[in-house]
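Peer 1: Pasting target_12.cif here (mmCIF, C-alpha atoms):
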data_protein
#
loop_
_atom_site.label_atom_id
_atom_site.label_comp_id
_atom_site.auth_asym_id
_atom_site.auth_seq_id
_atom_site.Cartn_x
_atom_site.Cartn_y
_atom_site.Cartn_z
CA MET A 1337 0.00 0.00 0.00
CA LYS A 1338 2.86 2.37 0.81
CA ARG A 1339 4.46 1.78 -2.60
CA ARG A 1340 1.12 2.37 -4.33
CA ALA A 1341 0.66 5.70 -2.52
CA LEU A 1342 4.22 6.73 -3.39
CA LEU A 1343 3.71 5.82 -7.02
CA ARG A 1344 0.60 7.96 -7.29
CA ALA A 1345 2.27 10.86 -5.50
CA SER A 1346 5.51 10.76 -7.48
CA LEU A 1347 3.93 10.18 -10.88
CA ALA A 1348 0.72 12.21 -10.63
CA LEU A 1349 2.17 15.59 -9.62
CA GLY A 1350 1.29 18.06 -12.31
CA ALA A 1351 -2.34 17.06 -12.73
CA PRO A 1352 -4.58 20.13 -12.63
CA ALA A 1353 -6.30 21.06 -9.42
CA ALA A 1354 -10.06 21.37 -9.80
CA GLY A 1355 -11.12 24.99 -9.91
CA ALA A 1356 -7.56 26.35 -9.71
CA GLN A 1357 -7.71 28.15 -13.02
CA ALA A 1358 -10.81 30.10 -11.96
CA THR A 1359 -9.47 31.37 -8.64
CA ARG A 1360 -5.91 32.62 -9.28
CA PRO A 1361 -4.82 35.58 -11.41
CA SER A 1362 -2.43 35.12 -14.30
CA THR A 1363 1.27 35.63 -13.56
CA ALA A 1364 2.63 34.90 -17.06
CA GLN A 1365 5.06 37.51 -18.39
CA PRO A 1366 4.32 39.39 -21.66
CA ASN A 1367 6.82 37.25 -23.60
CA VAL A 1368 4.80 34.08 -22.96
CA GLN A 1369 1.98 32.97 -25.24
CA VAL A 1370 -0.39 30.05 -25.53
CA LEU A 1371 -0.20 28.94 -29.16
CA ALA A 1372 -3.53 28.71 -30.96
CA GLU A 1373 -2.59 25.71 -33.08
CA ARG A 1374 -2.80 22.27 -31.52
CA LEU A 1375 -0.56 19.54 -32.91
CA ALA A 1376 -1.69 16.00 -33.70
CA MET A 1377 0.15 13.30 -31.77
CA PRO A 1378 0.95 10.46 -34.22
CA GLY A 1379 -0.06 7.06 -32.94
CA LEU A 1380 -1.95 8.48 -29.96
CA ALA A 1381 -5.14 9.71 -31.65
CA ARG A 1382 -5.15 13.04 -29.80
CA GLU A 1383 -3.86 16.60 -30.05
CA ARG A 1384 -1.74 18.69 -27.73
CA GLY A 1385 -1.31 22.40 -27.06
CA LEU A 1386 1.96 24.30 -26.64
CA ARG A 1387 3.00 27.34 -24.59
CA LEU A 1388 5.89 29.43 -25.86
CA TYR A 1389 8.40 31.70 -24.14
CA LEU A 1390 10.40 34.00 -26.43
CA PRO A 1391 13.55 35.70 -25.13
CA PRO A 1392 13.57 39.45 -24.36
CA SER A 1393 15.71 40.24 -27.44
CA TYR A 1394 13.71 38.09 -29.89
CA ALA A 1395 11.79 41.00 -31.43
CA THR A 1396 14.74 43.39 -31.57
CA LYS A 1397 17.52 41.11 -32.87
CA PRO A 1398 16.09 39.49 -36.02
CA ALA A 1399 19.40 37.87 -37.00
CA ARG A 1400 19.91 36.09 -33.70
CA ARG A 1401 19.10 32.39 -33.22
CA TYR A 1402 18.45 30.81 -29.84
CA PRO A 1403 18.85 27.47 -28.04
CA VAL A 1404 15.58 25.77 -27.17
CA ILE A 1405 14.42 24.12 -23.95
CA TYR A 1406 11.47 21.72 -24.28
CA LEU A 1407 9.62 21.26 -20.97
CA HIS A 1408 6.74 18.99 -19.99
CA ASP A 1409 3.69 20.01 -17.95
CA ALA A 1410 3.44 23.44 -19.58
CA GLN A 1411 0.49 24.44 -17.40
CA ASN A 1412 2.91 24.60 -14.45
CA LEU A 1413 5.76 26.54 -16.04
CA PHE A 1414 4.72 30.16 -16.51
CA ASP A 1415 1.38 30.94 -14.93
CA ASP A 1416 0.00 30.49 -11.45
CA ALA A 1417 -3.53 30.55 -12.89
CA THR A 1418 -2.97 27.19 -14.60
CA ALA A 1419 -0.39 25.61 -12.28
CA PHE A 1420 -1.10 22.59 -10.11
CA ALA A 1421 0.71 23.74 -6.95
CA GLY A 1422 2.45 26.99 -7.89
CA GLU A 1423 4.24 27.85 -11.12
CA TRP A 1424 7.91 27.27 -11.84
CA GLY A 1425 8.58 30.90 -12.78
CA VAL A 1426 10.44 29.84 -15.93
CA ASP A 1427 9.68 33.17 -17.64
CA GLU A 1428 10.77 35.32 -14.69
CA THR A 1429 13.91 33.21 -14.19
CA LEU A 1430 15.00 33.39 -17.83
CA ASN A 1431 14.21 37.10 -18.11
CA ALA A 1432 16.48 37.71 -15.10
CA LEU A 1433 19.16 35.40 -16.51
CA ALA A 1434 19.09 37.29 -19.81
CA ARG A 1435 19.51 40.57 -17.97
CA ASP A 1436 22.30 39.33 -15.69
CA THR A 1437 24.31 37.07 -18.02
CA GLY A 1438 23.15 37.66 -21.60
CA PHE A 1439 22.05 34.04 -21.97
CA GLU A 1440 18.71 33.69 -23.74
CA ALA A 1441 16.69 30.67 -24.85
CA ILE A 1442 13.32 29.83 -26.32
CA VAL A 1443 11.17 27.59 -24.12
CA VAL A 1444 8.52 25.31 -25.59
CA GLY A 1445 6.13 23.95 -22.98
CA ILE A 1446 4.13 20.87 -23.91
CA ASP A 1447 0.79 20.71 -22.09
CA HIS A 1448 0.30 17.58 -20.03
CA GLY A 1449 -2.52 15.23 -20.92
CA ASP A 1450 -4.54 15.60 -17.71
CA ALA A 1451 -5.87 12.08 -16.95
CA LEU A 1452 -3.57 10.64 -19.62
CA ARG A 1453 -0.42 12.24 -18.21
CA ILE A 1454 0.97 9.20 -16.43
CA GLN A 1455 0.50 6.74 -19.28
CA GLU A 1456 1.94 9.24 -21.78
CA MET A 1457 5.11 9.62 -19.74
CA LEU A 1458 5.64 5.97 -18.82
CA PRO A 1459 8.23 4.32 -21.08
CA TRP A 1460 7.32 0.84 -19.78
CA PRO A 1461 4.09 -0.60 -18.34
CA HIS A 1462 3.78 -0.74 -14.58
CA ALA A 1463 1.69 -3.11 -12.49
CA GLN A 1464 -0.61 -0.22 -11.60
CA PHE A 1465 -0.56 1.49 -15.02
CA LYS A 1466 -0.81 -1.05 -17.83
CA THR A 1467 -0.65 1.45 -20.70
CA ALA A 1468 2.77 2.98 -21.44
CA GLU A 1469 2.94 5.55 -24.25
CA GLY A 1470 6.32 7.10 -23.41
CA ALA A 1471 7.97 6.14 -26.70
CA ALA A 1472 5.17 7.68 -28.79
CA TYR A 1473 5.13 10.78 -26.57
CA VAL A 1474 8.85 11.55 -26.92
CA ASP A 1475 8.68 10.71 -30.64
CA PHE A 1476 5.94 13.36 -30.89
CA ILE A 1477 8.23 15.96 -29.32
CA ALA A 1478 11.27 14.98 -31.41
CA ARG A 1479 9.55 14.39 -34.76
CA THR A 1480 6.52 16.69 -34.68
CA VAL A 1481 6.95 19.49 -32.15
CA LYS A 1482 10.63 20.27 -32.75
CA PRO A 1483 10.39 20.44 -36.59
CA TRP A 1484 7.26 22.57 -36.25
CA ILE A 1485 9.04 25.00 -33.91
CA ASP A 1486 12.24 25.04 -35.99
CA ALA A 1487 10.24 25.97 -39.10
CA ARG A 1488 8.55 28.95 -37.42
CA TYR A 1489 11.04 30.39 -34.94
CA ARG A 1490 14.73 31.32 -35.01
CA THR A 1491 16.13 28.29 -33.24
CA ARG A 1492 19.52 26.66 -33.10
CA HIS A 1493 18.66 23.21 -34.41
CA ASP A 1494 21.56 21.07 -33.17
CA ALA A 1495 21.46 18.76 -30.16
CA ALA A 1496 24.00 20.82 -28.22
CA ASN A 1497 21.49 23.68 -28.25
CA THR A 1498 18.39 21.58 -27.56
CA ALA A 1499 17.41 20.59 -24.03
CA ILE A 1500 14.46 18.67 -22.64
CA GLY A 1501 13.30 18.66 -19.05
CA GLY A 1502 10.63 18.05 -16.47
CA ALA A 1503 9.87 16.89 -12.95
CA SER A 1504 8.79 13.65 -11.33
CA ILE A 1505 7.74 11.32 -14.15
CA GLY A 1506 8.49 14.29 -16.43
CA GLY A 1507 12.09 14.08 -15.23
CA SER A 1508 12.54 10.40 -16.01
CA ILE A 1509 10.83 10.73 -19.42
CA SER A 1510 13.27 13.55 -20.24
CA HIS A 1511 16.20 11.23 -19.58
CA TYR A 1512 14.48 8.61 -21.72
CA ALA A 1513 13.98 11.14 -24.54
CA LEU A 1514 17.70 11.96 -24.57
CA LEU A 1515 18.54 8.25 -24.91
CA ARG A 1516 15.89 7.58 -27.56
CA HIS A 1517 16.77 10.67 -29.62
CA PRO A 1518 20.43 11.47 -28.87
CA THR A 1519 20.89 13.42 -32.11
CA VAL A 1520 17.90 15.64 -31.24
CA PHE A 1521 18.33 16.30 -27.51
CA GLY A 1522 21.80 16.94 -26.15
CA ARG A 1523 20.82 18.32 -22.72
CA ALA A 1524 18.38 16.99 -20.10
CA ALA A 1525 17.05 18.69 -16.95
CA ILE A 1526 15.90 15.85 -14.71
CA PHE A 1527 14.10 17.02 -11.56
CA SER A 1528 13.06 14.46 -8.90
CA PRO A 1529 12.86 11.60 -11.41
CA SER A 1530 10.67 8.52 -10.89
CA TYR A 1531 13.45 6.02 -11.58
CA TRP A 1532 12.33 3.85 -8.67
CA SER A 1533 9.26 2.66 -10.57
CA MET A 1534 11.21 1.78 -13.74
CA PRO A 1535 13.78 -1.01 -13.24
CA GLU A 1536 14.03 -1.31 -17.03
CA PHE A 1537 15.58 2.16 -17.14
CA PHE A 1538 18.79 1.03 -15.46
CA GLU A 1539 19.13 -1.80 -17.95
CA GLN A 1540 18.63 0.57 -20.88
CA VAL A 1541 21.17 3.07 -19.59
CA GLN A 1542 23.71 0.27 -19.29
CA ARG A 1543 22.99 -0.93 -22.84
CA GLU A 1544 22.74 2.49 -24.49
CA PRO A 1545 24.92 5.16 -22.83
CA ALA A 1546 24.26 8.76 -23.73
CA PRO A 1547 26.83 10.33 -26.09
CA ALA A 1548 29.93 11.87 -24.58
CA THR A 1549 28.70 15.28 -25.73
CA ALA A 1550 25.46 15.03 -23.69
CA ARG A 1551 24.89 16.80 -20.37
CA LEU A 1552 22.42 15.61 -17.71
CA PHE A 1553 21.46 17.74 -14.70
CA ILE A 1554 19.76 15.64 -12.02
CA HIS A 1555 18.05 17.23 -9.01
CA ILE A 1556 16.69 15.44 -5.96
CA GLY A 1557 15.42 16.98 -2.73
CA GLU A 1558 17.08 16.04 0.53
CA ALA A 1559 13.62 15.83 2.14
CA GLU A 1560 12.18 13.49 -0.50
CA VAL A 1561 11.51 9.93 0.63
CA GLU A 1562 14.34 7.42 0.48
CA GLN A 1563 12.49 5.47 -2.20
CA MET A 1564 12.93 8.50 -4.48
CA ARG A 1565 16.47 9.43 -3.42
CA GLU A 1566 18.19 6.03 -3.50
CA PRO A 1567 17.37 5.12 -7.15
CA THR A 1568 18.28 8.64 -8.24
CA GLN A 1569 21.67 8.39 -6.56
CA ARG A 1570 22.12 4.90 -8.02
CA MET A 1571 21.34 6.19 -11.50
CA HIS A 1572 23.85 9.01 -11.07
CA ALA A 1573 26.51 6.51 -9.95
CA LEU A 1574 25.84 4.51 -13.12
CA LEU A 1575 26.08 7.63 -15.27
CA GLN A 1576 29.38 8.55 -13.64
CA ARG A 1577 30.90 5.46 -15.25
CA GLN A 1578 29.76 6.56 -18.72
CA PRO A 1579 31.04 9.21 -21.15
CA ALA A 1580 28.28 11.85 -20.79
CA ALA A 1581 28.59 14.61 -18.18
CA ALA A 1582 26.09 14.08 -15.35
CA LEU A 1583 25.67 16.27 -12.27
CA LEU A 1584 23.62 15.26 -9.23
CA ARG A 1585 22.32 18.17 -7.15
CA VAL A 1586 20.92 17.21 -3.75
CA ALA A 1587 18.97 20.24 -2.52
CA PRO A 1588 18.97 20.67 1.28
CA GLY A 1589 15.47 20.56 2.75
CA ALA A 1590 13.77 20.32 -0.66
CA ARG A 1591 10.65 18.21 -1.06
CA HIS A 1592 8.94 16.62 -4.07
CA HIS A 1593 7.16 19.85 -4.95
CA GLU A 1594 6.84 22.57 -7.60
CA ALA A 1595 8.56 25.11 -5.33
CA ALA A 1596 11.69 22.93 -5.20
CA TRP A 1597 11.77 22.62 -8.99
CA ARG A 1598 11.34 26.36 -9.38
CA ALA A 1599 14.40 26.87 -7.18
CA ALA A 1600 16.37 24.24 -9.10
CA PHE A 1601 15.52 25.52 -12.57
CA GLU A 1602 18.13 28.31 -12.78
CA PRO A 1603 21.03 26.15 -11.48
CA GLY A 1604 19.97 23.49 -13.97
CA VAL A 1605 19.97 25.89 -16.92
CA ARG A 1606 23.30 27.38 -15.87
CA TRP A 1607 24.96 23.97 -15.67
CA LEU A 1608 23.43 22.52 -18.83
CA PHE A 1609 24.43 25.49 -20.97
CA GLU A 1610 27.68 26.21 -19.09
CA ILE A 1611 26.70 29.74 -18.08
CA GLY A 1612 29.15 31.45 -15.75
#
Take the structure in this file and express it as structure tokens.

Peer 2:
Amino acid sequence: MKRRALLRASLALGAPAAGAQATRPSTAQPNVQVLAERLAMPGLARERGLRLYLPPSYATKPARRYPVIYLHDAQNLFDDATAFAGEWGVDETLNALARDTGFEAIVVGIDHGDALRIQEMLPWPHAQFKTAEGAAYVDFIARTVKPWIDARYRTRHDAANTAIGGASIGGSISHYALLRHPTVFGRAAIFSPSYWSMPEFFEQVQREPAPATARLFIHIGEAEVEQMREPTQRMHALLQRQPAAALLRVAPGARHHEAAWRAAFEPGVRWLFEIG
């Protein structure tokens, strides 16, 4: 029973809270937009919306191209009105980073699938969740979303300038996406990943190491339960024996919560893109 409760807690974070959108004002910055066009998800018989952050200089520097960060659970990234338990502040963080360091990036947020979120982000079936659509979901991002974005916005197309990230099951699916599409994603921001529920993941990482050019930022909260922390530390130890650069950040006092991932987002971006 304890494992079942942990699974639901660690995988289901990010599902919308009933009534939340009607009771909180919007906090999204002016350079964030909800795109009108919804993209078909091949093999999944559904569509998905995107939320886009454009850097402060995008409108004034028409010759400049930008790295891109693809993030899951877009409802939680920019706007408290749509967030499950507080937004990540991705727009405020990157606006400040642009001002302080000159680093700028486009962010593409992929809306989560509400009741379908867990099965979309599971790479392998679980005893409690028989349907696993993780492969089709990351293929959608790599083969549909990214080409669509690259055709319409001034992106840097190469893997070194393309990151993917998320939290909880969104963290582990980001790691999976980097392994499945290593020529597409060269950076992964992995916050509080749900490795513990995916024993197959360790086997895949051993069989298919990430390229030496890849960078993986892994965050875990010191106050998260041992069942979350131990597999994350074990995965990092495995990655340390492989060519890719992998950093484990254990955040003192941090829990499995949106506020912890908001605090970890800037350090993650700085490390992934080697910002001083």

Peer 1: Which one is closest to Gln1569 in chain A: A:Leu1584, A:Ala1524, A:Val1474, A:Val1443? Count only C-alpha atoms.

Peer 2: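 Closest to Gln1569 in chain A of all the choices is A:Leu1584.
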
Peer 1: Quick one: pull the distance between CA of Glu1536 in chain A and CA of Arg1598 in chain A, Å, one decimal.

Peer 2: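 Between CA of Glu1536 in chain A and CA of Arg1598 in chain A the gap works out to 28.8 Å.
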
Peer 1: Under the rule of at most 12 Å, produce a per-residue listing of range 1531-1605 of chain A near range 1480-1504 of chain A: chain, number, name, the closest pair of atoms, and the distance in Å, as a tab-separated table, using only C-alpha atoms.

Peer 2:
residue	atom	partner	partner_atom	distance
A:Tyr1531	CA	A:Ser1504	CA	8.9
A:Trp1532	CA	A:Ser1504	CA	10.8
A:Ser1533	CA	A:Ser1504	CA	11.0
A:Pro1547	CA	A:Ala1495	CA	10.8
A:Ala1548	CA	A:Ala1496	CA	11.3
A:Thr1549	CA	A:Ala1496	CA	7.7
A:Ala1550	CA	A:Ala1496	CA	7.5
A:Arg1551	CA	A:Ala1496	CA	8.9
A:Leu1552	CA	A:Ala1499	CA	9.5
A:Phe1553	CA	A:Gly1501	CA	9.3
A:Ile1554	CA	A:Ala1503	CA	10.0
A:His1555	CA	A:Ala1503	CA	9.1
A:Ile1556	CA	A:Ser1504	CA	9.7
A:Gly1557	CA	A:Ser1504	CA	11.4
A:Glu1560	CA	A:Ser1504	CA	11.3
A:Met1564	CA	A:Ser1504	CA	9.5
A:Arg1565	CA	A:Ser1504	CA	11.8
A:Thr1568	CA	A:Ser1504	CA	11.2
A:Arg1591	CA	A:Ser1504	CA	11.4
A:His1592	CA	A:Ser1504	CA	7.8
A:His1593	CA	A:Ala1503	CA	9.0
A:Glu1594	CA	A:Ala1503	CA	8.4
A:Ala1595	CA	A:Ala1503	CA	11.3
A:Ala1596	CA	A:Ala1503	CA	10.0
A:Trp1597	CA	A:Ala1503	CA	7.2
A:Arg1598	CA	A:Ala1503	CA	10.2
A:Ala1600	CA	A:Ala1503	CA	10.5
A:Phe1601	CA	A:Gly1501	CA	9.7
A:Gly1604	CA	A:Gly1501	CA	9.7
A:Val1605	CA	A:Ala1499	CA	9.2

Peer 1: Go ahead and write the residues just picked, C-alpha atoms, as an mmCIF file, in the frame of the given file.

Peer 2:
data_model
loop_
_atom_site.group_PDB
_atom_site.id
_atom_site.type_symbol
_atom_site.label_atom_id
_atom_site.label_comp_id
_atom_site.auth_asym_id
_atom_site.auth_seq_id
_atom_site.Cartn_x
_atom_site.Cartn_y
_atom_site.Cartn_z
ATOM 1 C CA TYR A 1531 13.450 6.020 -11.580
ATOM 2 C CA TRP A 1532 12.330 3.850 -8.670
ATOM 3 C CA SER A 1533 9.260 2.660 -10.570
ATOM 4 C CA PRO A 1547 26.830 10.330 -26.090
ATOM 5 C CA ALA A 1548 29.930 11.870 -24.580
ATOM 6 C CA THR A 1549 28.700 15.280 -25.730
ATOM 7 C CA ALA A 1550 25.460 15.030 -23.690
ATOM 8 C CA ARG A 1551 24.890 16.800 -20.370
ATOM 9 C CA LEU A 1552 22.420 15.610 -17.710
ATOM 10 C CA PHE A 1553 21.460 17.740 -14.700
ATOM 11 C CA ILE A 1554 19.760 15.640 -12.020
ATOM 12 C CA HIS A 1555 18.050 17.230 -9.010
ATOM 13 C CA ILE A 1556 16.690 15.440 -5.960
ATOM 14 C CA GLY A 1557 15.420 16.980 -2.730
ATOM 15 C CA GLU A 1560 12.180 13.490 -0.500
ATOM 16 C CA MET A 1564 12.930 8.500 -4.480
ATOM 17 C CA ARG A 1565 16.470 9.430 -3.420
ATOM 18 C CA THR A 1568 18.280 8.640 -8.240
ATOM 19 C CA ARG A 1591 10.650 18.210 -1.060
ATOM 20 C CA HIS A 1592 8.940 16.620 -4.070
ATOM 21 C CA HIS A 1593 7.160 19.850 -4.950
ATOM 22 C CA GLU A 1594 6.840 22.570 -7.600
ATOM 23 C CA ALA A 1595 8.560 25.110 -5.330
ATOM 24 C CA ALA A 1596 11.690 22.930 -5.200
ATOM 25 C CA TRP A 1597 11.770 22.620 -8.990
ATOM 26 C CA ARG A 1598 11.340 26.360 -9.380
ATOM 27 C CA ALA A 1600 16.370 24.240 -9.100
ATOM 28 C CA PHE A 1601 15.520 25.520 -12.570
ATOM 29 C CA GLY A 1604 19.970 23.490 -13.970
ATOM 30 C CA VAL A 1605 19.970 25.890 -16.920
#

Peer 1: Given 8 Å on each side, where is the centre and what are the edge lengths in Å to one decimal of the axis-aligned box enclosing the listed atoms of range 1390-1407 of chain A, as lines of an AutoDock Vina configuration file?

Peer 2:
center_x = 14.8
center_y = 32.3
center_z = -29.0
size_x = 26.3
size_y = 38.1
size_z = 32.0

Peer 1: Enter the distance from CA of Ala1478 in chain A to CA of Gln1369 in chain A, in Å, rounded to one decimal.

Peer 2: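 A separation of 21.2 Å between them.
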
Peer 1: Is there a way to get, as a compact mmCIF listing (two decimals) with C-alpha atoms, in the coordinates of the input, all residues within 9 Å of the point (3.1, 3.1, -26.0) in file coordinates, counting all atoms listed in the file?

Peer 2:
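Final output, point.txt:
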# COMPACT_ATOMS: atom_id res chain seq x y z
CA GLY A 1379 -0.06 7.06 -32.94
CA LEU A 1380 -1.95 8.48 -29.96
CA GLN A 1455 0.50 6.74 -19.28
CA GLU A 1456 1.94 9.24 -21.78
CA LEU A 1458 5.64 5.97 -18.82
CA PRO A 1459 8.23 4.32 -21.08
CA TRP A 1460 7.32 0.84 -19.78
CA PRO A 1461 4.09 -0.60 -18.34
CA THR A 1467 -0.65 1.45 -20.70
CA ALA A 1468 2.77 2.98 -21.44
CA GLU A 1469 2.94 5.55 -24.25
CA GLY A 1470 6.32 7.10 -23.41
CA ALA A 1471 7.97 6.14 -26.70
CA ALA A 1472 5.17 7.68 -28.79
CA TYR A 1473 5.13 10.78 -26.57

Peer 1: Restricting the calculation to only C-alpha atoms: of A:Leu1515, A:Phe1414, A:Glu1562, A:Ile1477, which residue gets closest to Arg1543 in chain A?

Peer 2: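 The answer is A:Leu1515, which sits nearest to Arg1543 in chain A.
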
Peer 1: Could you list, as a PyMOL selection string, every residue within 8 Å of Met1571 in chain A, counting all atoms listed in the file and ignoring same-chain residues fewer than 4 positions away?

Peer 2: chain A and resi 1531+1538+1567+1575

Peer 1: Limited to C-alpha atoms, could you put the picked residues into a file as a tab-separated table (two decimals), in the frame of the given file?

Peer 2:
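Generated file (out11.tsv):
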chain	number	residue	atom	x	y	z
A	1531	TYR	CA	13.45	6.02	-11.58
A	1538	PHE	CA	18.79	1.03	-15.46
A	1567	PRO	CA	17.37	5.12	-7.15
A	1575	LEU	CA	26.08	7.63	-15.27

Peer 1: Between A:Arg1523, A:Arg1479, A:Arg1606, A:Arg1577, which residue has the minimum interatomic distance to Ala1376 in chain A, considering all atoms listed in the file?

Peer 2: A:Arg1479

Peer 1: For Glu1539 in chain A, which residue out of A:Ala1441, A:Leu1386, A:Ile1446, A:Leu1574 is the nearest one, using only C-alpha atoms?

Peer 2: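 Residue with the minimum atom-to-atom distance to Glu1539 in chain A: A:Leu1574.
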
Peer 1: Can you pull out every residue within 8 Å of Thr1363 in chain A, counting all atoms listed in the file, but drop anything in the same chain fewer than 6 positions away, and send it as a PyMOL selection string?

Peer 2: chain A and resi 1414-1417

Peer 1: Between CA of Ile1454 in chain A and CA of Leu1375 in chain A, what is the distance, to one decimal in Å?

Peer 2: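 Distance reported for this atom pair: 19.5 Å.
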
Peer 1: Neighbours of Pro1392 in chain A within 12 Å (all atoms listed in the file; same-chain residues fewer than 2 positions away dropped), as a count of residues only?

Peer 2: 27
